[in-house]
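Below is start-v9.pdb, holding PDB, C-alpha atoms.
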MODEL        1
ATOM      1  CA  GLN B 350      -0.534  -1.914  11.519
ATOM      2  CA  SER B 351      -0.094  -3.053   7.930
ATOM      3  CA  GLY B 352       2.233  -0.206   6.965
ATOM      4  CA  LYS B 353      -0.038   2.431   5.418
ATOM      5  CA  THR B 354       1.775   5.346   7.047
ATOM      6  CA  SER B 355       5.167   3.919   6.029
ATOM      7  CA  LEU B 356       3.905   3.624   2.466
ATOM      8  CA  ILE B 357       2.812   7.276   2.411
ATOM      9  CA  ARG B 358       6.169   8.362   3.848
ATOM     10  CA  ALA B 359       8.030   6.332   1.212
ATOM     11  CA  ILE B 360       5.982   7.746  -1.670
ATOM     12  CA  THR B 361       6.027  11.381  -0.542
ATOM     13  CA  GLY B 362       9.327  11.510   1.352
ATOM     14  CA  SER B 363       7.406  13.358   4.079
ATOM     15  CA  SER B 364       7.982  12.773   7.776
ATOM     16  CA  ARG B 365       4.701  14.657   8.294
ATOM     17  CA  ALA B 366       2.873  11.405   7.479
ATOM     18  CA  GLU B 367       2.284  10.422  11.079
ATOM     19  CA  ILE B 368      -1.085   9.781  12.663
ATOM     20  CA  GLY B 369      -1.856  12.913  14.655
ATOM     21  CA  GLY B 370       0.623  14.907  12.557
ATOM     22  CA  GLY B 371      -0.328  15.339   8.927
ATOM     23  CA  PHE B 372      -3.538  13.311   9.056
ATOM     24  CA  ARG B 373      -6.868  14.938   9.879
ATOM     25  CA  PRO B 374     -10.241  13.241  10.470
ATOM     26  CA  CYS B 375     -12.662  13.446   7.557
ATOM     27  CA  THR B 376     -15.319  10.890   8.560
ATOM     28  CA  ARG B 377     -16.114   8.905  11.694
ATOM     29  CA  SER B 378     -13.592   6.236  10.704
ATOM     30  CA  ALA B 379     -11.141   7.694   8.187
ATOM     31  CA  GLN B 380      -8.405  10.286   8.022
ATOM     32  CA  LEU B 381      -7.118  12.405   5.162
ATOM     33  CA  PHE B 382      -3.496  13.243   4.420
ATOM     34  CA  PRO B 383      -3.095  16.143   1.951
ATOM     35  CA  PHE B 384       0.366  16.584   0.396
ATOM     36  CA  PRO B 385       2.512  18.689   0.390
ATOM     37  CA  SER B 386       0.419  20.752   2.833
ATOM     38  CA  GLU B 387      -3.140  21.106   4.022
ATOM     39  CA  LYS B 388      -3.610  24.440   2.226
ATOM     40  CA  ASP B 389      -1.660  23.760  -0.949
ATOM     41  CA  TYR B 390      -1.926  20.138  -2.080
ATOM     42  CA  PHE B 391      -2.080  18.203  -5.326
ATOM     43  CA  LEU B 392      -2.329  14.750  -3.763
ATOM     44  CA  GLN B 393      -4.460  13.328  -0.943
ATOM     45  CA  PHE B 394      -4.444   9.948   0.753
ATOM     46  CA  LEU B 395      -7.630   8.672   2.365
ATOM     47  CA  ASP B 396      -6.647   6.320   5.196
ATOM     48  CA  THR B 397      -9.680   4.190   6.035
ATOM     49  CA  ARG B 398     -10.233   1.631   8.737
ATOM     50  CA  GLY B 399      -9.103  -1.849   7.784
ATOM     51  CA  LEU B 400     -11.408  -3.296   5.143
ATOM     52  CA  GLY B 401     -11.683  -6.510   7.129
ATOM     53  CA  GLU B 402     -12.714  -4.888  10.424
ATOM     54  CA  VAL B 403     -16.010  -6.090  11.880
ATOM     55  CA  ASP B 404     -19.000  -3.854  11.062
ATOM     56  CA  TYR B 405     -16.953  -1.586   8.802
ATOM     57  CA  ASP B 406     -19.053  -0.113   6.005
ATOM     58  CA  PRO B 407     -16.789   1.774   3.576
ATOM     59  CA  SER B 408     -19.636   3.721   1.929
ATOM     60  CA  GLU B 409     -19.272   6.885   4.054
ATOM     61  CA  ASP B 410     -15.514   6.983   3.508
ATOM     62  CA  LEU B 411     -15.927   6.367  -0.211
ATOM     63  CA  GLY B 412     -18.425   9.210  -0.428
ATOM     64  CA  VAL B 413     -15.724  11.645   0.713
ATOM     65  CA  MET B 414     -13.433  10.913  -2.204
ATOM     66  CA  ALA B 415     -15.650   9.253  -4.791
ATOM     67  CA  ASP B 416     -15.333  12.036  -7.345
ATOM     68  CA  GLN B 417     -11.657  12.772  -6.681
ATOM     69  CA  SER B 418     -10.051   9.340  -6.408
ATOM     70  CA  HIS B 419      -7.788   7.849  -9.017
ATOM     71  CA  CYS B 420      -6.600   4.618  -7.416
ATOM     72  CA  LEU B 421      -7.332   2.103  -4.645
ATOM     73  CA  ILE B 422      -4.292   0.869  -2.727
ATOM     74  CA  VAL B 423      -4.830  -2.068  -0.373
ATOM     75  CA  VAL B 424      -2.020  -2.663   2.122
ATOM     76  CA  ILE B 425      -1.625  -6.123   3.693
ATOM     77  CA  LYS B 426       1.154  -7.710   5.722
ATOM     78  CA  ALA B 427       2.934 -10.391   3.728
ATOM     79  CA  LEU B 428       2.556 -13.030   6.445
ATOM     80  CA  ASP B 429      -0.986 -12.150   7.526
ATOM     81  CA  HIS B 430      -3.427 -14.799   6.365
ATOM     82  CA  ALA B 431      -6.487 -13.367   8.087
ATOM     83  CA  GLN B 432      -7.192 -11.334   4.948
ATOM     84  CA  ARG B 433     -10.109 -13.221   3.428
ATOM     85  CA  CYS B 434     -12.522 -10.765   5.041
ATOM     86  CA  VAL B 435     -10.944  -7.990   2.948
ATOM     87  CA  LEU B 436     -12.320  -9.411  -0.279
ATOM     88  CA  ASP B 437     -16.037  -8.679   0.299
ATOM     89  CA  PRO B 438     -15.635  -4.933   0.970
ATOM     90  CA  LEU B 439     -13.040  -4.795  -1.813
ATOM     91  CA  LYS B 440     -15.569  -6.314  -4.202
ATOM     92  CA  GLN B 441     -18.163  -3.743  -3.043
ATOM     93  CA  ILE B 442     -15.770  -0.828  -3.599
ATOM     94  CA  LEU B 443     -14.719  -1.999  -7.062
ATOM     95  CA  ALA B 444     -18.336  -2.674  -8.053
ATOM     96  CA  ALA B 445     -19.138   0.955  -7.223
ATOM     97  CA  HIS B 446     -15.966   2.243  -8.891
ATOM     98  CA  PRO B 447     -14.896  -0.210 -11.618
ATOM     99  CA  ASP B 448     -12.655   2.430 -13.200
ATOM    100  CA  TRP B 449     -10.377   2.665 -10.137
ATOM    101  CA  PRO B 450      -7.137   0.746 -10.661
ATOM    102  CA  LEU B 451      -6.253  -1.612  -7.798
ATOM    103  CA  ILE B 452      -2.763  -1.892  -6.325
ATOM    104  CA  VAL B 453      -2.164  -4.406  -3.541
ATOM    105  CA  VAL B 454       0.972  -3.736  -1.499
ATOM    106  CA  GLN B 455       2.309  -6.704   0.483
ATOM    107  CA  THR B 456       4.364  -5.284   3.374
ATOM    108  CA  SER B 457       6.777  -6.295   6.151
ATOM    109  CA  LEU B 458       8.698  -8.818   4.068
ATOM    110  CA  HIS B 459      11.463  -8.951   6.701
ATOM    111  CA  GLU B 460       9.065 -10.729   9.053
ATOM    112  CA  GLY B 461       9.453 -13.723   6.737
ATOM    113  CA  TYR B 462      13.260 -13.693   6.739
ATOM    114  CA  PRO B 463      14.962 -16.659   8.445
ATOM    115  CA  GLY B 464      16.932 -14.608  10.996
ATOM    116  CA  ALA B 465      17.187 -11.137  12.522
ATOM    117  CA  GLY B 466      20.403 -10.348  10.627
ATOM    118  CA  THR B 467      19.056 -11.395   7.214
ATOM    119  CA  GLN B 468      19.150  -8.562   4.691
ATOM    120  CA  HIS B 469      16.992  -7.875   1.663
ATOM    121  CA  ILE B 470      17.724  -9.887  -1.443
ATOM    122  CA  LEU B 471      19.287  -7.750  -4.155
ATOM    123  CA  PRO B 472      18.460  -7.224  -6.891
ATOM    124  CA  TYR B 473      14.751  -7.084  -6.000
ATOM    125  CA  PRO B 474      13.415 -10.563  -6.875
ATOM    126  CA  PHE B 475       9.649 -10.054  -6.585
ATOM    127  CA  ALA B 476       8.746  -8.852 -10.074
ATOM    128  CA  GLN B 477       6.574 -11.937 -10.565
ATOM    129  CA  PRO B 478       6.317 -15.520  -9.324
ATOM    130  CA  PRO B 479       7.815 -18.026  -9.349
ATOM    131  CA  TYR B 480      10.360 -16.321  -7.114
ATOM    132  CA  PRO B 481      14.021 -17.343  -7.197
ATOM    133  CA  ALA B 482      15.364 -19.911  -4.728
ATOM    134  CA  ASP B 483      17.040 -17.287  -2.526
ATOM    135  CA  VAL B 484      13.598 -15.977  -1.456
ATOM    136  CA  PRO B 485      12.747 -17.774   1.824
ATOM    137  CA  GLN B 486      10.256 -20.543   1.045
ATOM    138  CA  ASP B 487       7.719 -19.598   3.729
ATOM    139  CA  LEU B 488       7.721 -15.971   2.594
ATOM    140  CA  ALA B 489       7.338 -16.957  -1.069
ATOM    141  CA  ARG B 490       4.477 -19.327  -0.217
ATOM    142  CA  SER B 491       2.699 -16.645   1.786
ATOM    143  CA  LEU B 492       3.048 -13.997  -0.923
ATOM    144  CA  ILE B 493       1.779 -16.345  -3.602
ATOM    145  CA  ALA B 494      -1.165 -17.512  -1.450
ATOM    146  CA  GLN B 495      -2.275 -13.904  -0.947
ATOM    147  CA  GLN B 496      -1.885 -13.224  -4.653
ATOM    148  CA  GLN B 497      -4.077 -16.227  -5.442
ATOM    149  CA  TRP B 498      -6.889 -14.739  -3.320
ATOM    150  CA  LEU B 499      -6.817 -11.784  -5.708
ATOM    151  CA  ALA B 500      -6.874 -13.875  -8.868
ATOM    152  CA  GLY B 501     -10.314 -12.577  -9.881
ATOM    153  CA  TYR B 502      -9.253  -8.936  -9.647
ATOM    154  CA  GLN B 503      -7.159  -6.913 -12.047
ATOM    155  CA  ALA B 504      -4.712  -6.089  -9.281
ATOM    156  CA  ARG B 505      -1.128  -4.968  -9.535
ATOM    157  CA  VAL B 506       0.554  -6.711  -6.593
ATOM    158  CA  VAL B 507       3.803  -5.306  -5.192
ATOM    159  CA  PRO B 508       5.775  -6.851  -2.288
ATOM    160  CA  VAL B 509       7.682  -4.152  -0.329
ATOM    161  CA  ASP B 510       9.503  -3.630   2.944
ATOM    162  CA  PHE B 511       9.563  -0.032   4.183
ATOM    163  CA  THR B 512      11.585   0.310   7.382
ATOM    164  CA  LEU B 513      13.270   2.975   9.500
ATOM    165  CA  PRO B 514      17.072   3.540   9.612
ATOM    166  CA  GLU B 515      17.268   2.043  13.110
ATOM    167  CA  ASP B 516      15.774  -1.218  11.826
ATOM    168  CA  GLY B 517      19.026  -1.905   9.977
ATOM    169  CA  TYR B 518      17.644  -2.978   6.593
ATOM    170  CA  VAL B 519      19.187  -1.635   3.397
ATOM    171  CA  PRO B 520      17.592  -0.160   1.400
ATOM    172  CA  GLU B 521      14.996   1.261   3.789
ATOM    173  CA  HIS B 522      12.411   1.530   1.011
ATOM    174  CA  TYR B 523      12.819  -1.926  -0.484
ATOM    175  CA  GLY B 524      10.545  -2.391  -3.487
ATOM    176  CA  LEU B 525       9.803   1.317  -3.902
ATOM    177  CA  GLU B 526      10.826   1.273  -7.580
ATOM    178  CA  ALA B 527       8.431  -1.615  -8.225
ATOM    179  CA  LEU B 528       5.676   0.269  -6.411
ATOM    180  CA  TRP B 529       6.309   3.403  -8.480
ATOM    181  CA  SER B 530       6.156   1.308 -11.653
ATOM    182  CA  ALA B 531       2.754  -0.024 -10.579
ATOM    183  CA  ILE B 532       1.486   3.456  -9.666
ATOM    184  CA  GLU B 533       2.640   5.009 -12.926
ATOM    185  CA  GLU B 534       1.189   2.143 -14.945
ATOM    186  CA  ALA B 535      -2.125   2.452 -13.089
ATOM    187  CA  MET B 536      -2.211   6.268 -13.196
ATOM    188  CA  PRO B 537      -0.096   7.838 -15.942
ATOM    189  CA  LEU B 538      -0.341  11.316 -14.399
ATOM    190  CA  GLY B 539       3.350  12.127 -13.950
ATOM    191  CA  LEU B 540       2.837  11.892 -10.191
ATOM    192  CA  ARG B 541       6.383  10.857  -9.392
ATOM    193  CA  ALA B 542       7.844  13.835 -11.245
ATOM    194  CA  MET B 543       5.456  16.171  -9.412
ATOM    195  CA  LEU B 544       6.489  14.731  -6.049
ATOM    196  CA  GLN B 545      10.178  15.079  -6.851
ATOM    197  CA  GLU B 546       9.672  18.767  -7.568
ATOM    198  CA  THR B 547       8.180  19.470  -4.106
TER     199      THR B 547
ENDMDL
END

Just dump the structure as structure tokens.
Amino acid sequence: QSGKTSLIRAITGSSRAEIGGGFRPCTRSAQLFPFPSEKDYFLQFLDTRGLGEVDYDPSEDLGVMADQSHCLIVVIKALDHAQRCVLDPLKQILAAHPDWPLIVVQTSLHEGYPGAGTQHILPYPFAQPPYPADVPQDLARSLIAQQQWLAGYQARVVPVDFTLPEDGYVPEHYGLEALWSAIEEAMPLGLRAMLQET
């Protein structure tokens, strides 16, 4: 529930990115999402179980994509502090694949807003800490605490809030430009241009 499917929808623009829709099982614990279609794709997302789940060994899932992967994206809720258990499997993955760039996406920023009617701060203020005073203090503290856990990693950290139209937040894909900047810096493959052509 950290927002992995929302992230895939935001990146691809595909409503097909729904569990049971565009995803198909590829191991006992992971699912694969090929884009733009199962038969004709140039991009695949491997959606694993949560890295911090008890008894989760990522080795089988990693074996599926080890020779094809270009990037590791870890998705965590901005206010979730039960993330320490993510670091051990993350360390194991990066030890096996030190060439994979790491992007950490901090999601659900609106859960740290002071009230239900609070809108996103514009322009996007999360390029790097310290954050400006209009960022709610509890949210800023939480984001920075999570970022400090990752201090030993060469991680690109991007706070985002990807919502649905009925949620009432504008823009719906808040922080998407910052995420694309991180992706293109990590993987200079022209991926965004390819996606826009589909």

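The closest residue to Leu488 of chain B, picked from B:Pro438, B:Pro508, B:Pro514, B:Gly461 and counting only C-alpha atoms, is B:Gly461.
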
Name the residues that the PyMOL selection byres ((chain B and resi 391-395) around 6) pulls out of this structure, and write them as a PDB file with C-alpha atoms, keeping the file's coordinate frame.
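Wrote it out as expr-v4.pdb, contents follow:
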ATOM      1  CA  GLN B 380      -8.405  10.286   8.022  1.00  0.00           C
ATOM      2  CA  LEU B 381      -7.118  12.405   5.162  1.00  0.00           C
ATOM      3  CA  PHE B 382      -3.496  13.243   4.420  1.00  0.00           C
ATOM      4  CA  PRO B 383      -3.095  16.143   1.951  1.00  0.00           C
ATOM      5  CA  PHE B 384       0.366  16.584   0.396  1.00  0.00           C
ATOM      6  CA  TYR B 390      -1.926  20.138  -2.080  1.00  0.00           C
ATOM      7  CA  ASP B 396      -6.647   6.320   5.196  1.00  0.00           C
TER       8      ASP B 396
END

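Picture a line from atom CA of Ala431 of chain B to atom CA of Tyr480 of chain B; it runs 22.9 Å.
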
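Closest to Trp498 of chain B among B:Leu471, B:Val453, B:Ile442, B:Leu421 is B:Val453, based on only C-alpha atoms.
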
Neighbour list for Pro463 of chain B as a count of residues only, cut-off 12 Å, all atoms listed in the file, skip fewer than 2 positions in-chain:
15

So how far away is atom CA of Ile422 of chain B from atom CA of Val454 of chain B, in Å?
7.1 Å

From atom CA of Gly464 of chain B to atom CA of Glu521 of chain B the spacing works out at 17.5 Å

Report as a ChimeraX atom specification the residues that result from applying the PyMOL selection byres ((chain B and resi 456) around 10) to the structure here.
/B:351-353,355-356,424-429,453-455,457-460,492,507-512,523-524

I'd like to see the residues matched by the PyMOL selection byres ((chain B and resi 450) around 8) on this file, and ideally I'd get them as JSON, numbers by chain.
{"B": [419, 420, 421, 447, 448, 449, 451, 452, 503, 504, 535, 536]}

Return the single residue from B:Ala445, B:Val423, B:Ala482, B:Leu439 that is closest to Val506 of chain B, with distances computed using only C-alpha atoms.
B:Val423
